[in-house]
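start_7.cif follows; it contains mmCIF, C-alpha atoms and all ligand atoms.
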```cif
data_query
#
loop_
_atom_site.group_PDB
_atom_site.id
_atom_site.type_symbol
_atom_site.label_atom_id
_atom_site.label_comp_id
_atom_site.auth_asym_id
_atom_site.auth_seq_id
_atom_site.Cartn_x
_atom_site.Cartn_y
_atom_site.Cartn_z
ATOM 1 C CA MET P 1 115.032 69.676 191.605
ATOM 2 C CA SER P 2 116.731 72.656 190.005
ATOM 3 C CA ALA P 3 118.227 75.721 191.626
ATOM 4 C CA LEU P 4 114.780 77.300 191.298
ATOM 5 C CA SER P 5 113.415 74.920 193.949
ATOM 6 C CA PRO P 6 110.430 73.708 191.985
ATOM 7 C CA SER P 7 107.632 71.854 193.648
ATOM 8 C CA PRO P 8 107.028 68.330 192.322
ATOM 9 C CA SER P 9 105.695 68.377 188.774
ATOM 10 C CA SER P 10 102.657 66.483 190.068
ATOM 11 C CA SER P 11 101.180 69.771 191.408
ATOM 12 C CA ILE P 12 99.638 70.331 187.980
ATOM 13 C CA ASP P 13 98.078 67.807 185.658
ATOM 14 C CA PRO P 14 100.978 66.586 183.471
ATOM 15 C CA THR P 15 98.996 66.734 180.242
ATOM 16 C CA ALA P 16 97.874 70.287 180.965
ATOM 17 C CA ALA P 17 101.445 71.274 181.839
ATOM 18 C CA ARG P 18 102.851 69.790 178.627
ATOM 19 C CA ASP P 19 100.106 71.350 176.515
ATOM 20 C CA LEU P 20 100.738 74.771 177.998
ATOM 21 C CA LEU P 21 104.483 74.454 177.488
ATOM 22 C CA ALA P 22 103.836 73.434 173.875
ATOM 23 C CA ARG P 23 101.786 76.623 173.385
ATOM 24 C CA ALA P 24 104.627 78.690 174.883
ATOM 25 C CA ARG P 25 107.100 77.063 172.467
ATOM 26 C CA GLU P 26 104.768 77.692 169.556
ATOM 27 C CA VAL P 27 104.329 81.417 170.229
ATOM 28 C CA ARG P 28 108.073 81.792 170.887
ATOM 29 C CA ALA P 29 108.456 81.536 167.110
ATOM 30 C CA ASN P 30 106.865 84.995 166.890
ATOM 31 C CA ALA P 31 109.324 86.642 169.269
ATOM 32 C CA TYR P 32 110.601 89.946 167.983
ATOM 33 C CA ALA P 33 114.064 89.945 169.512
ATOM 34 C CA PRO P 34 116.545 91.255 166.915
ATOM 35 C CA TYR P 35 118.686 92.871 169.620
ATOM 36 C CA SER P 36 119.065 90.171 172.268
ATOM 37 C CA ARG P 37 118.246 87.226 169.996
ATOM 38 C CA PHE P 38 116.831 85.671 173.154
ATOM 39 C CA HIS P 39 113.441 84.330 172.139
ATOM 40 C CA VAL P 40 110.841 83.847 174.868
ATOM 41 C CA GLY P 41 107.311 82.436 174.781
ATOM 42 C CA ALA P 42 104.624 82.363 177.457
ATOM 43 C CA ALA P 43 101.211 80.706 177.652
ATOM 44 C CA LEU P 44 98.721 81.616 180.331
ATOM 45 C CA LEU P 45 95.783 79.341 181.158
ATOM 46 C CA ALA P 46 92.724 81.289 182.321
ATOM 47 C CA ALA P 47 90.133 79.870 184.713
ATOM 48 C CA ASP P 48 87.564 79.864 181.885
ATOM 49 C CA GLY P 49 89.811 77.589 179.798
ATOM 50 C CA ARG P 50 91.133 80.181 177.400
ATOM 51 C CA VAL P 51 94.879 80.248 176.752
ATOM 52 C CA PHE P 52 96.575 83.607 176.207
ATOM 53 C CA THR P 53 100.006 83.554 174.666
ATOM 54 C CA GLY P 54 102.778 86.128 174.490
ATOM 55 C CA CYS P 55 106.268 86.539 173.100
ATOM 56 C CA ASN P 56 108.885 89.162 173.798
ATOM 57 C CA VAL P 57 108.700 92.296 171.686
ATOM 58 C CA GLU P 58 111.882 94.358 171.625
ATOM 59 C CA ASN P 59 112.514 97.887 170.411
ATOM 60 C CA ALA P 60 115.390 99.886 168.941
ATOM 61 C CA SER P 61 115.060 101.879 172.147
ATOM 62 C CA TYR P 62 116.225 98.853 174.150
ATOM 63 C CA GLY P 63 114.578 99.750 177.455
ATOM 64 C CA LEU P 64 111.142 99.523 175.875
ATOM 65 C CA ALA P 65 111.309 95.752 175.387
ATOM 66 C CA ASN P 66 108.179 93.926 176.474
ATOM 67 C CA CYS P 67 108.649 90.521 178.066
ATOM 68 C CA ALA P 68 106.613 87.539 176.889
ATOM 69 C CA GLU P 69 104.887 87.099 180.258
ATOM 70 C CA ARG P 70 103.680 90.686 180.414
ATOM 71 C CA VAL P 71 102.453 90.556 176.823
ATOM 72 C CA ALA P 72 100.402 87.462 177.744
ATOM 73 C CA ILE P 73 98.984 89.092 180.887
ATOM 74 C CA GLY P 74 98.092 92.260 178.975
ATOM 75 C CA LYS P 75 96.318 90.293 176.277
ATOM 76 C CA ALA P 76 94.406 88.258 178.855
ATOM 77 C CA VAL P 77 93.273 91.136 181.050
ATOM 78 C CA SER P 78 92.253 93.201 178.047
ATOM 79 C CA GLU P 79 90.091 90.278 176.916
ATOM 80 C CA GLY P 80 88.369 90.104 180.308
ATOM 81 C CA ALA P 81 90.328 87.279 181.970
ATOM 82 C CA ARG P 82 91.620 87.916 185.485
ATOM 83 C CA GLU P 83 91.773 84.491 187.054
ATOM 84 C CA PHE P 84 94.506 82.157 185.997
ATOM 85 C CA LEU P 85 95.313 78.528 186.633
ATOM 86 C CA ALA P 86 98.886 78.313 185.365
ATOM 87 C CA ILE P 87 101.530 79.873 183.148
ATOM 88 C CA ALA P 88 104.247 78.227 181.078
ATOM 89 C CA VAL P 89 107.361 80.155 180.096
ATOM 90 C CA THR P 90 110.168 79.085 177.822
ATOM 91 C CA GLY P 91 113.379 80.715 176.760
ATOM 92 C CA PRO P 92 115.276 79.803 173.593
ATOM 93 C CA GLU P 93 116.502 76.407 174.776
ATOM 94 C CA GLU P 94 114.423 73.255 174.865
ATOM 95 C CA VAL P 95 115.309 71.932 178.319
ATOM 96 C CA THR P 96 116.808 74.864 180.197
ATOM 97 C CA PRO P 97 114.416 76.670 182.557
ATOM 98 C CA CYS P 98 113.849 80.370 181.926
ATOM 99 C CA ALA P 99 112.697 82.033 185.131
ATOM 100 C CA PRO P 100 110.695 85.237 184.727
ATOM 101 C CA CYS P 101 112.522 88.518 185.318
ATOM 102 C CA GLY P 102 111.783 90.554 188.431
ATOM 103 C CA ALA P 103 109.314 92.878 186.717
ATOM 104 C CA CYS P 104 107.352 89.933 185.328
ATOM 105 C CA ARG P 105 107.285 88.229 188.732
ATOM 106 C CA GLN P 106 105.641 91.341 190.186
ATOM 107 C CA VAL P 107 103.092 91.580 187.371
ATOM 108 C CA LEU P 108 102.261 87.863 187.556
ATOM 109 C CA TYR P 109 101.930 88.111 191.354
ATOM 110 C CA GLU P 110 99.120 90.647 190.966
ATOM 111 C CA PHE P 111 96.919 88.107 189.198
ATOM 112 C CA GLY P 112 98.143 84.741 190.448
ATOM 113 C CA PRO P 113 100.426 84.592 193.476
ATOM 114 C CA ASP P 114 99.849 80.857 193.840
ATOM 115 C CA MET P 115 99.709 80.155 190.138
ATOM 116 C CA PRO P 116 101.921 77.239 189.069
ATOM 117 C CA LEU P 117 104.723 78.314 186.773
ATOM 118 C CA ILE P 118 105.875 75.671 184.309
ATOM 119 C CA MET P 119 109.314 75.781 182.732
ATOM 120 C CA PRO P 120 111.318 73.387 180.582
ATOM 121 C CA SER P 121 113.636 71.089 182.498
ATOM 122 C CA PRO P 122 116.368 68.597 181.664
ATOM 123 C CA GLY P 123 114.701 66.163 184.113
ATOM 124 C CA PRO P 124 112.707 63.087 183.119
ATOM 125 C CA ASP P 125 109.369 64.952 182.963
ATOM 126 C CA GLY P 126 110.725 67.558 180.569
ATOM 127 C CA TYR P 127 109.262 70.341 182.695
ATOM 128 C CA GLU P 128 109.372 71.623 186.231
ATOM 129 C CA VAL P 129 106.886 73.577 188.304
ATOM 130 C CA THR P 130 107.306 76.330 190.825
ATOM 131 C CA SER P 131 104.941 79.159 191.745
ATOM 132 C CA VAL P 132 104.995 82.883 191.227
ATOM 133 C CA GLY P 133 104.846 83.472 194.994
ATOM 134 C CA ALA P 134 107.817 81.196 195.596
ATOM 135 C CA LEU P 135 109.873 83.311 193.204
ATOM 136 C CA LEU P 136 108.861 86.565 194.912
ATOM 137 C CA PRO P 137 109.046 86.113 198.676
ATOM 138 C CA GLY P 138 107.800 89.034 200.730
ATOM 139 C CA ALA P 139 106.024 90.438 197.685
ATOM 140 C CA PHE P 140 104.241 93.766 197.685
ATOM 141 C CA GLY P 141 100.749 93.133 196.390
ATOM 142 C CA PRO P 142 97.075 94.131 196.458
ATOM 143 C CA ALA P 143 96.614 92.884 200.037
ATOM 144 C CA ARG P 144 99.102 95.425 201.356
ATOM 145 C CA LEU P 145 97.215 98.314 199.762
ATOM 146 C CA ALA P 146 93.887 97.034 201.059
ATOM 147 C CA GLU P 147 95.382 96.846 204.542
ATOM 148 C CA SER P 148 96.460 100.470 204.386
ATOM 149 C CA GLN P 149 93.147 101.661 202.996
ATOM 150 C CA GLY P 150 91.385 99.886 205.849
ATOM 151 C CA GLY P 151 92.634 102.427 208.403
ATOM 152 C CA LYS P 152 95.900 102.536 210.382
HETATM 153 N N1 LIG U 1 112.586 88.302 178.537
HETATM 154 C C1 LIG U 1 111.293 87.855 178.605
HETATM 155 O O1 LIG U 1 110.540 87.916 177.635
HETATM 156 N N2 LIG U 1 110.864 87.361 179.784
HETATM 157 C C2 LIG U 1 111.625 87.261 180.904
HETATM 158 O O2 LIG U 1 111.111 86.980 181.974
HETATM 159 C C3 LIG U 1 113.076 87.445 180.793
HETATM 160 C C4 LIG U 1 113.501 88.294 179.650
HETATM 161 C C5 LIG U 1 113.039 88.887 177.280
HETATM 162 C C6 LIG U 1 113.254 90.388 177.340
HETATM 163 C C7 LIG U 1 114.242 90.597 176.243
HETATM 164 O O3 LIG U 1 113.536 90.728 175.012
HETATM 165 C C8 LIG U 1 115.032 89.300 176.191
HETATM 166 O O4 LIG U 1 114.290 88.345 176.913
HETATM 167 C C9 LIG U 1 116.421 89.403 176.788
HETATM 168 O O5 LIG U 1 116.374 89.973 178.053
#
```

Please re-express this file's structure in structure tokens.
Amino acid sequence: MSALSPSPSSSIDPTAARDLLARAREVRANAYAPYSRFHVGAALLAADGRVFTGCNVENASYGLANCAERVAIGKAVSEGAREFLAIAVTGPEEVTPCAPCGACRQVLYEFGPDMPLIMPSPGPDGYEVTSVGALLPGAFGPARLAESQGGK
């Protein structure tokens, strides 16, 4: 167990988890990160079986950097996918977890609050699993808006 309090890695099929992490590592090679030199890759498994990948895309105007996770979500939603089974995220290192930033947690929560989140780990499995919801307790999400629109 890491400081991120992952659930046991058995909560997702190990082969699927490793495959998704491999896709995240593969797309990380495309990261455009000349400013931070911190290369990130993400791979998002949609309910229909498609995998949408993303890498971080930085800009000379630093604040305009796009994170890998949000690039993957944007690609997926624009291609018609809205239901997701899991996401894998990797930073530059092979066995150090890279937890999504706060903005990405919020964006991921919109589409998959219970979605397993796979990250590299120094443990025996080579990966660890947590969930988007676990990383964003008390999240503001679609349910809160629906509640308000329902009346009171
Ligand atoms: N980054 C991501 O792509 N995802 C995250 O969740 C954390 C941060 C990127 C943004 C920036 O290009 C670099 O990592 C350093 O912050």

Could you tell me which residues the PyMOL selection byres (((not hetatm)) within 10 of (chain U and resi 1)) returns for this structure, as a ChimeraX atom specification? /P:28,31-42,54-59,62-71,89-92,98-105

Return the single residue from P:Thr15, P:Ala46, P:Ala146, P:Gly133 that is closest to Gln106 (chain P), with distances computed using all atoms listed in the file.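 That would be P:Gly133, the residue with the smallest distance to Gln106 (chain P).
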
Please provide the set of residues having any atom within 12 Å of Glu110 (chain P), restricted to only C-alpha atoms, with same-chain residues fewer than 4 positions apart removed, written as a ChimeraX atom specification. /P:70,73,77,82-84,103-106,114-115,132-133,136,139-145

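For the pair CA of Ser131 (chain P) and CA of Pro113 (chain P), the interatomic distance is 7.3 Å.
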
Which distance in Å separates CA of Leu45 (chain P) and CA of Leu108 (chain P), to one decimal?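 So the answer is 12.5 Å.
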
Just say which residues the PyMOL selection byres (((chain P and resi 123) around 10) and not hetatm) picks in this file, as a PyMOL selection string. chain P and resi 1-2+95-96+120-122+124-128

Near Leu20 (chain P), counting all atoms listed in the file, which residues have an atom at most 8 Å away, once you skip same-chain residues fewer than 5 positions from it, shown as number ranges by chain? P: 43-45, 87-88

Between CA of Ser61 (chain P) and CA of Arg25 (chain P) - distance in Å to one decimal: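 Separation of CA of Arg25 (chain P) and CA of Ser61 (chain P): 26.1 Å.
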
Counting all atoms listed in the file, the option among P:Pro137, P:Glu79, P:Ala29, P:Phe111 closest to Val51 (chain P): P:Glu79

Which centre and which edge lengths, in Å to one decimal, describe the axis-aligned box that holds all listed atoms of region 101-112 of chain P after 3 Å is added on each side, as AutoDock Vina command-line options?
```
--center_x 104.7 --center_y 88.8 --center_z 188.3 --size_x 21.6 --size_y 14.1 --size_z 12.0
```

Selected residue, from P:Ala24, P:Leu135, P:Leu117, P:Val129, that lies nearest to Ala72 (chain P) when counting all atoms listed in the file: P:Ala24

Proximity to Pro14 (chain P) - best of P:Ala47, P:Ser78, P:Ile118, P:Pro97, all atoms listed in the file: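 Checking each of P:Ala47, P:Ser78, P:Ile118, P:Pro97 against Pro14 (chain P), counting all atoms listed in the file, the winner is P:Ile118.
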
Incomplete region 103-126 of chain P brought to N, CA and C atoms, written out as an mmCIF file, in the frame of the given file:
```
data_model
loop_
_atom_site.group_PDB
_atom_site.id
_atom_site.type_symbol
_atom_site.label_atom_id
_atom_site.label_comp_id
_atom_site.auth_asym_id
_atom_site.auth_seq_id
_atom_site.Cartn_x
_atom_site.Cartn_y
_atom_site.Cartn_z
ATOM 1 N N ALA P 103 110.511 92.101 187.065
ATOM 2 C CA ALA P 103 109.314 92.878 186.717
ATOM 3 C C ALA P 103 108.151 91.948 186.400
ATOM 4 N N CYS P 104 108.425 90.879 185.671
ATOM 5 C CA CYS P 104 107.352 89.933 185.328
ATOM 6 C C CYS P 104 106.849 89.201 186.566
ATOM 7 N N ARG P 105 107.735 88.885 187.487
ATOM 8 C CA ARG P 105 107.285 88.229 188.732
ATOM 9 C C ARG P 105 106.262 89.115 189.447
ATOM 10 N N GLN P 106 106.554 90.411 189.510
ATOM 11 C CA GLN P 106 105.641 91.341 190.186
ATOM 12 C C GLN P 106 104.298 91.402 189.457
ATOM 13 N N VAL P 107 104.338 91.471 188.150
ATOM 14 C CA VAL P 107 103.092 91.580 187.371
ATOM 15 C C VAL P 107 102.286 90.282 187.466
ATOM 16 N N LEU P 108 102.964 89.151 187.435
ATOM 17 C CA LEU P 108 102.261 87.863 187.556
ATOM 18 C C LEU P 108 101.667 87.717 188.959
ATOM 19 N N TYR P 109 102.386 88.217 189.959
ATOM 20 C CA TYR P 109 101.930 88.111 191.354
ATOM 21 C C TYR P 109 100.578 88.797 191.553
ATOM 22 N N GLU P 110 100.378 89.889 190.862
ATOM 23 C CA GLU P 110 99.120 90.647 190.966
ATOM 24 C C GLU P 110 97.910 89.768 190.654
ATOM 25 N N PHE P 111 98.065 88.889 189.676
ATOM 26 C CA PHE P 111 96.919 88.107 189.198
ATOM 27 C C PHE P 111 96.947 86.649 189.612
ATOM 28 N N GLY P 112 98.097 86.167 190.087
ATOM 29 C CA GLY P 112 98.143 84.741 190.448
ATOM 30 C C GLY P 112 99.320 84.391 191.329
ATOM 31 N N PRO P 113 99.285 84.856 192.593
ATOM 32 C CA PRO P 113 100.426 84.592 193.476
ATOM 33 C C PRO P 113 100.711 83.102 193.676
ATOM 34 N N ASP P 114 99.643 82.300 193.624
ATOM 35 C CA ASP P 114 99.849 80.857 193.840
ATOM 36 C C ASP P 114 99.875 80.075 192.530
ATOM 37 N N MET P 115 99.797 80.809 191.446
ATOM 38 C CA MET P 115 99.709 80.155 190.138
ATOM 39 C C MET P 115 100.950 79.309 189.852
ATOM 40 N N PRO P 116 100.766 78.036 189.463
ATOM 41 C CA PRO P 116 101.921 77.239 189.069
ATOM 42 C C PRO P 116 102.602 77.828 187.837
ATOM 43 N N LEU P 117 103.905 77.802 187.871
ATOM 44 C CA LEU P 117 104.723 78.314 186.773
ATOM 45 C C LEU P 117 105.526 77.144 186.221
ATOM 46 N N ILE P 118 105.274 76.842 184.957
ATOM 47 C CA ILE P 118 105.875 75.671 184.309
ATOM 48 C C ILE P 118 107.029 76.131 183.421
ATOM 49 N N MET P 119 108.139 75.455 183.563
ATOM 50 C CA MET P 119 109.314 75.781 182.732
ATOM 51 C C MET P 119 109.932 74.499 182.203
ATOM 52 N N PRO P 120 110.626 74.579 181.089
ATOM 53 C CA PRO P 120 111.318 73.387 180.582
ATOM 54 C C PRO P 120 112.352 72.919 181.602
ATOM 55 N N SER P 121 112.662 71.644 181.560
ATOM 56 C CA SER P 121 113.636 71.089 182.498
ATOM 57 C C SER P 121 114.373 69.932 181.840
ATOM 58 N N PRO P 122 115.631 69.737 182.212
ATOM 59 C CA PRO P 122 116.368 68.597 181.664
ATOM 60 C C PRO P 122 115.954 67.285 182.333
ATOM 61 N N GLY P 123 115.125 67.365 183.377
ATOM 62 C CA GLY P 123 114.701 66.163 184.113
ATOM 63 C C GLY P 123 113.820 65.251 183.282
ATOM 64 N N PRO P 124 113.450 64.113 183.864
ATOM 65 C CA PRO P 124 112.707 63.087 183.119
ATOM 66 C C PRO P 124 111.330 63.556 182.631
ATOM 67 N N ASP P 125 110.698 64.477 183.374
ATOM 68 C CA ASP P 125 109.369 64.952 182.963
ATOM 69 C C ASP P 125 109.440 65.939 181.802
ATOM 70 N N GLY P 126 110.579 66.558 181.625
ATOM 71 C CA GLY P 126 110.725 67.558 180.569
ATOM 72 C C GLY P 126 110.242 68.938 180.985
#
```
